[in-house]
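Engineer: Okay, handing you the structure first.
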Amino acid sequence: MLTPRNIILTGFMGTGKSTIGRLLARQLRFDHVDTDQAIEAVHGSIHEIFAELGEQGFRRLEREVVATLSGLTRTVVSTGGGTLLDRANLEALAPGASIFCLVATVDDILMRLSRAASHTTRPLLRSDDPRSRIEELLAERAPVYSLFNQIVTTGMTPSGVAQLIAVKAAMAAQHSGTSSNTEP
Ligand code: S3P
């Protein structure tokens, strides 16, 4: 099956980028990189980074880490929800890649985030009114998120979404003629 050089997953917090990225990589026999985990491996927890350096400091470290990923091949990259809002990050990751934006309803995002340890990994959502905060951030980010292929995850299993992305990525690679890989 044809595949793009890399597959990049973006989308709001709680839409499943990390889980789906891991499954997709396994299915395609690609490597998997999670930018939040890569940042944490070097700089400590996201929670602490935000507490010590604020969002701006986090974005600086995020940009530094993403810059180191620009030469990857056969890799699925699960980005943080804000990563591709930074043009430098998009330019580092986009060449030869298919980019998919995972989409979920606000109810679904709220439900998933209440299950996860969001207070430590999602400082941006710390609020008395998380629903309004999510709606506000989604509206702010819509112009960028809407640039990418939209993949609705609400009502689907993570493996179903991974399979759907694998098919769409193969179709995109075939159409663009820029694919570099066949299965090993
Ligand atoms: C962020 C999303 C988080 C993490 C950080 C900022 C964002 O990653 O990078 O808290 O700006 O949307 P997830 O999308 O994996 O939760």
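Scheme for the structure tokens: letters A, B, ... for chains in order shown; per-chain residue numbers from 1; ligand numbers from 1 in order shown.
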Give me, as a Markdown table, the closest atom pair and its distance (Å, one decimal) for every residue of chain A within a cut-off of 9 Å of ligand 1, counting only C-alpha atoms and all ligand atoms, rows sorted by chain and rising number.
Structural biologist:
```
| residue | atom | partner | partner_atom_place_in_ligand_line | distance |
| --- | --- | --- | --- | --- |
| A:Thr10 | CA | ligand 1 | 14 (O) | 7.7 |
| A:Gly11 | CA | ligand 1 | 14 (O) | 6.9 |
| A:Phe12 | CA | ligand 1 | 14 (O) | 5.5 |
| A:Met13 | CA | ligand 1 | 14 (O) | 3.6 |
| A:Gly14 | CA | ligand 1 | 16 (O) | 5.9 |
| A:Thr15 | CA | ligand 1 | 14 (O) | 7.7 |
| A:Gly16 | CA | ligand 1 | 15 (O) | 7.9 |
| A:Lys17 | CA | ligand 1 | 15 (O) | 6.6 |
| A:Ser18 | CA | ligand 1 | 15 (O) | 6.6 |
| A:Asp34 | CA | ligand 1 | 15 (O) | 8.2 |
| A:Thr35 | CA | ligand 1 | 9 (O) | 7.5 |
| A:Asp36 | CA | ligand 1 | 9 (O) | 5.4 |
| A:Gln37 | CA | ligand 1 | 15 (O) | 9.0 |
| A:Ile39 | CA | ligand 1 | 9 (O) | 8.9 |
| A:Ile46 | CA | ligand 1 | 10 (O) | 6.4 |
| A:His47 | CA | ligand 1 | 10 (O) | 7.6 |
| A:Phe50 | CA | ligand 1 | 10 (O) | 8.2 |
| A:Glu55 | CA | ligand 1 | 6 (C) | 8.0 |
| A:Phe58 | CA | ligand 1 | 5 (C) | 8.0 |
| A:Arg59 | CA | ligand 1 | 6 (C) | 8.4 |
| A:Glu62 | CA | ligand 1 | 9 (O) | 8.1 |
| A:Ser78 | CA | ligand 1 | 15 (O) | 7.6 |
| A:Thr79 | CA | ligand 1 | 15 (O) | 6.5 |
| A:Gly80 | CA | ligand 1 | 8 (O) | 3.6 |
| A:Gly81 | CA | ligand 1 | 12 (O) | 3.3 |
| A:Gly82 | CA | ligand 1 | 11 (O) | 3.6 |
| A:Thr83 | CA | ligand 1 | 11 (O) | 6.8 |
| A:Leu85 | CA | ligand 1 | 11 (O) | 8.6 |
| A:Leu113 | CA | ligand 1 | 16 (O) | 8.7 |
| A:Ser118 | CA | ligand 1 | 16 (O) | 7.8 |
| A:Thr120 | CA | ligand 1 | 10 (O) | 8.4 |
| A:Thr121 | CA | ligand 1 | 10 (O) | 5.3 |
| A:Arg122 | CA | ligand 1 | 10 (O) | 3.9 |
| A:Pro123 | CA | ligand 1 | 10 (O) | 5.6 |
| A:Leu124 | CA | ligand 1 | 10 (O) | 6.0 |
| A:Leu125 | CA | ligand 1 | 10 (O) | 8.1 |
| A:Leu137 | CA | ligand 1 | 12 (O) | 8.3 |
```
Engineer: Generate the output file for the selected residues, C-alpha atoms, as a JSON list (two decimals), in the first residue's frame.
Structural biologist:
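Okay, out_19.json is ready:
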```json
[["chain", "number", "residue", "atom", "x", "y", "z"],
["A", 10, "THR", "CA", -3.52, 17.40, 14.89],
["A", 11, "GLY", "CA", -6.79, 18.44, 16.54],
["A", 12, "PHE", "CA", -8.09, 19.62, 19.88],
["A", 13, "MET", "CA", -7.10, 18.13, 23.24],
["A", 14, "GLY", "CA", -9.01, 14.94, 23.97],
["A", 15, "THR", "CA", -9.72, 13.98, 20.36],
["A", 16, "GLY", "CA", -7.51, 10.89, 20.55],
["A", 17, "LYS", "CA", -4.32, 11.95, 18.75],
["A", 18, "SER", "CA", -1.96, 9.93, 20.95],
["A", 34, "ASP", "CA", 4.17, 12.02, 20.38],
["A", 35, "THR", "CA", 5.37, 15.62, 20.62],
["A", 36, "ASP", "CA", 4.11, 16.08, 24.20],
["A", 37, "GLN", "CA", 5.98, 12.97, 25.29],
["A", 39, "ILE", "CA", 8.91, 17.47, 25.24],
["A", 46, "ILE", "CA", 3.92, 19.79, 30.76],
["A", 47, "HIS", "CA", 2.23, 20.84, 33.98],
["A", 50, "PHE", "CA", 3.49, 25.73, 32.20],
["A", 55, "GLU", "CA", 2.44, 29.07, 27.84],
["A", 58, "PHE", "CA", 6.09, 25.89, 26.67],
["A", 59, "ARG", "CA", 5.65, 26.99, 23.03],
["A", 62, "GLU", "CA", 7.69, 22.77, 21.77],
["A", 78, "SER", "CA", 0.83, 12.88, 17.24],
["A", 79, "THR", "CA", 1.13, 16.60, 17.91],
["A", 80, "GLY", "CA", -0.20, 18.60, 20.84],
["A", 81, "GLY", "CA", -3.42, 20.49, 20.18],
["A", 82, "GLY", "CA", -1.58, 23.78, 19.75],
["A", 83, "THR", "CA", 1.52, 22.57, 17.90],
["A", 85, "LEU", "CA", -0.83, 26.74, 15.21],
["A", 113, "LEU", "CA", -10.86, 14.92, 29.37],
["A", 118, "SER", "CA", -6.15, 16.57, 32.35],
["A", 120, "THR", "CA", -1.65, 17.79, 34.80],
["A", 121, "THR", "CA", -1.34, 17.58, 31.00],
["A", 122, "ARG", "CA", -3.83, 20.25, 29.92],
["A", 123, "PRO", "CA", -3.14, 23.41, 31.91],
["A", 124, "LEU", "CA", -4.86, 25.46, 29.21],
["A", 125, "LEU", "CA", -8.20, 23.96, 30.21],
["A", 137, "LEU", "CA", -10.31, 27.75, 22.07]]
```
Engineer: Tell me, which residues of chain A carry DSSP strand (DSSP E or B), written as an NGL selection string?
Structural biologist: :A and (3 or 6-11 or 31-34 or 75-78 or 97-103 or 149-152 or 181)
Engineer: Pull the closest atom pair for each residue of stretch 75-110 of chain A that gets at most 12 Å from stretch 157-172 of chain A, along with the distance in Å to one decimal, counting only C-alpha atoms, ordering rows by chain and then ascending residue number, as JSON lines.
Structural biologist:
```
{"residue": "A:Val76", "atom": "CA", "partner": "A:Ala166", "partner_atom": "CA", "distance": 10.7}
{"residue": "A:Gly96", "atom": "CA", "partner": "A:Ala172", "partner_atom": "CA", "distance": 11.0}
{"residue": "A:Ala97", "atom": "CA", "partner": "A:Ala169", "partner_atom": "CA", "distance": 9.1}
{"residue": "A:Ser98", "atom": "CA", "partner": "A:Ala169", "partner_atom": "CA", "distance": 6.4}
{"residue": "A:Ile99", "atom": "CA", "partner": "A:Ala169", "partner_atom": "CA", "distance": 8.7}
{"residue": "A:Phe100", "atom": "CA", "partner": "A:Ile165", "partner_atom": "CA", "distance": 7.7}
{"residue": "A:Cys101", "atom": "CA", "partner": "A:Ile165", "partner_atom": "CA", "distance": 10.2}
{"residue": "A:Leu102", "atom": "CA", "partner": "A:Val161", "partner_atom": "CA", "distance": 9.1}
{"residue": "A:Val103", "atom": "CA", "partner": "A:Val161", "partner_atom": "CA", "distance": 10.9}
{"residue": "A:Ala104", "atom": "CA", "partner": "A:Val161", "partner_atom": "CA", "distance": 11.9}
```
Engineer: Give me a file of those residues, with N, CA and C atoms, as an mmCIF file, in the first residue's frame.
Structural biologist:
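Contents of selection-v8.cif, as written:
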```
data_model
loop_
_atom_site.group_PDB
_atom_site.id
_atom_site.type_symbol
_atom_site.label_atom_id
_atom_site.label_comp_id
_atom_site.auth_asym_id
_atom_site.auth_seq_id
_atom_site.Cartn_x
_atom_site.Cartn_y
_atom_site.Cartn_z
ATOM 1 N N VAL A 76 4.501 8.335 12.243
ATOM 2 C CA VAL A 76 3.252 9.006 12.601
ATOM 3 C C VAL A 76 3.578 9.940 13.754
ATOM 4 N N GLY A 96 6.089 16.420 2.625
ATOM 5 C CA GLY A 96 5.920 14.987 2.359
ATOM 6 C C GLY A 96 4.934 14.292 3.275
ATOM 7 N N ALA A 97 4.256 15.050 4.117
ATOM 8 C CA ALA A 97 3.359 14.404 5.090
ATOM 9 C C ALA A 97 1.898 14.600 4.711
ATOM 10 N N SER A 98 1.064 13.662 5.150
ATOM 11 C CA SER A 98 -0.385 13.892 5.122
ATOM 12 C C SER A 98 -0.775 14.316 6.529
ATOM 13 N N ILE A 99 -1.566 15.386 6.613
ATOM 14 C CA ILE A 99 -1.944 15.911 7.930
ATOM 15 C C ILE A 99 -3.444 15.721 8.129
ATOM 16 N N PHE A 100 -3.809 15.129 9.236
ATOM 17 C CA PHE A 100 -5.220 14.888 9.553
ATOM 18 C C PHE A 100 -5.566 15.578 10.860
ATOM 19 N N CYS A 101 -6.752 16.191 10.865
ATOM 20 C CA CYS A 101 -7.219 16.860 12.079
ATOM 21 C C CYS A 101 -8.363 16.042 12.690
ATOM 22 N N LEU A 102 -8.141 15.549 13.886
ATOM 23 C CA LEU A 102 -9.171 14.766 14.563
ATOM 24 C C LEU A 102 -10.194 15.716 15.182
ATOM 25 N N VAL A 103 -11.462 15.384 14.981
ATOM 26 C CA VAL A 103 -12.551 16.271 15.399
ATOM 27 C C VAL A 103 -13.501 15.490 16.296
ATOM 28 N N ALA A 104 -13.960 16.137 17.374
ATOM 29 C CA ALA A 104 -14.953 15.499 18.251
ATOM 30 C C ALA A 104 -15.910 16.580 18.751
#
```
Engineer: Please extract the residues of stretch 9-171 of chain A with a backbone DSSP assignment of helix (DSSP H, G or I) and present them as a VMD selection string.
Structural biologist: chain A and resid 17 to 28 35 to 43 46 to 67 83 to 85 87 to 93 106 to 115 118 to 121 123 to 125 130 to 145 158 to 171
Engineer: Could you name the residues that touch A:Ser70 at 6 Å or less, counting only C-alpha atoms, but leaving out those on the same chain fewer than 3 positions away, as a ChimeraX atom specification?
Structural biologist: /A:67,92-93
Engineer: Please measure the separation of atom CA of A:Asn6 and atom CA of A:Thr75, giving the value in Å to one decimal.
Structural biologist: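 We find that atom CA of A:Asn6 and atom CA of A:Thr75 lie 4.9 Å from each other.
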Engineer: Rounded to one decimal, what separation in Å do you get between atom CA of A:Phe148 and atom CA of A:Thr73?
Structural biologist: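 Taking atom CA of A:Phe148 and atom CA of A:Thr73, their separation equals 19.9 Å.
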Engineer: Counting only C-alpha atoms, which of A:Leu147, A:Val66, A:Met111, A:Leu72 gets nearest to A:Pro4?
Structural biologist: A:Leu72
Engineer: Distance atom CA of A:Ala38-atom CA of A:Arg112, one decimal place?
Structural biologist: 22.3 Å
Engineer: Any idea what's packed within 9 Å of A:Asp31, counting only C-alpha atoms, ignoring anything in its chain fewer than 2 positions away? Could you give it as a VMD selection string?
Structural biologist: chain A and resid 22 25 to 26 28 to 29 33 73 to 77
Engineer: Choose the residue, out of A:Gln150, A:Gly155, A:Leu110, A:Ala173, that has the smallest atom-to-atom separation from A:Leu9; count only C-alpha atoms.
Structural biologist: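 Nearest candidate to A:Leu9 out of A:Gln150, A:Gly155, A:Leu110, A:Ala173: A:Gln150.
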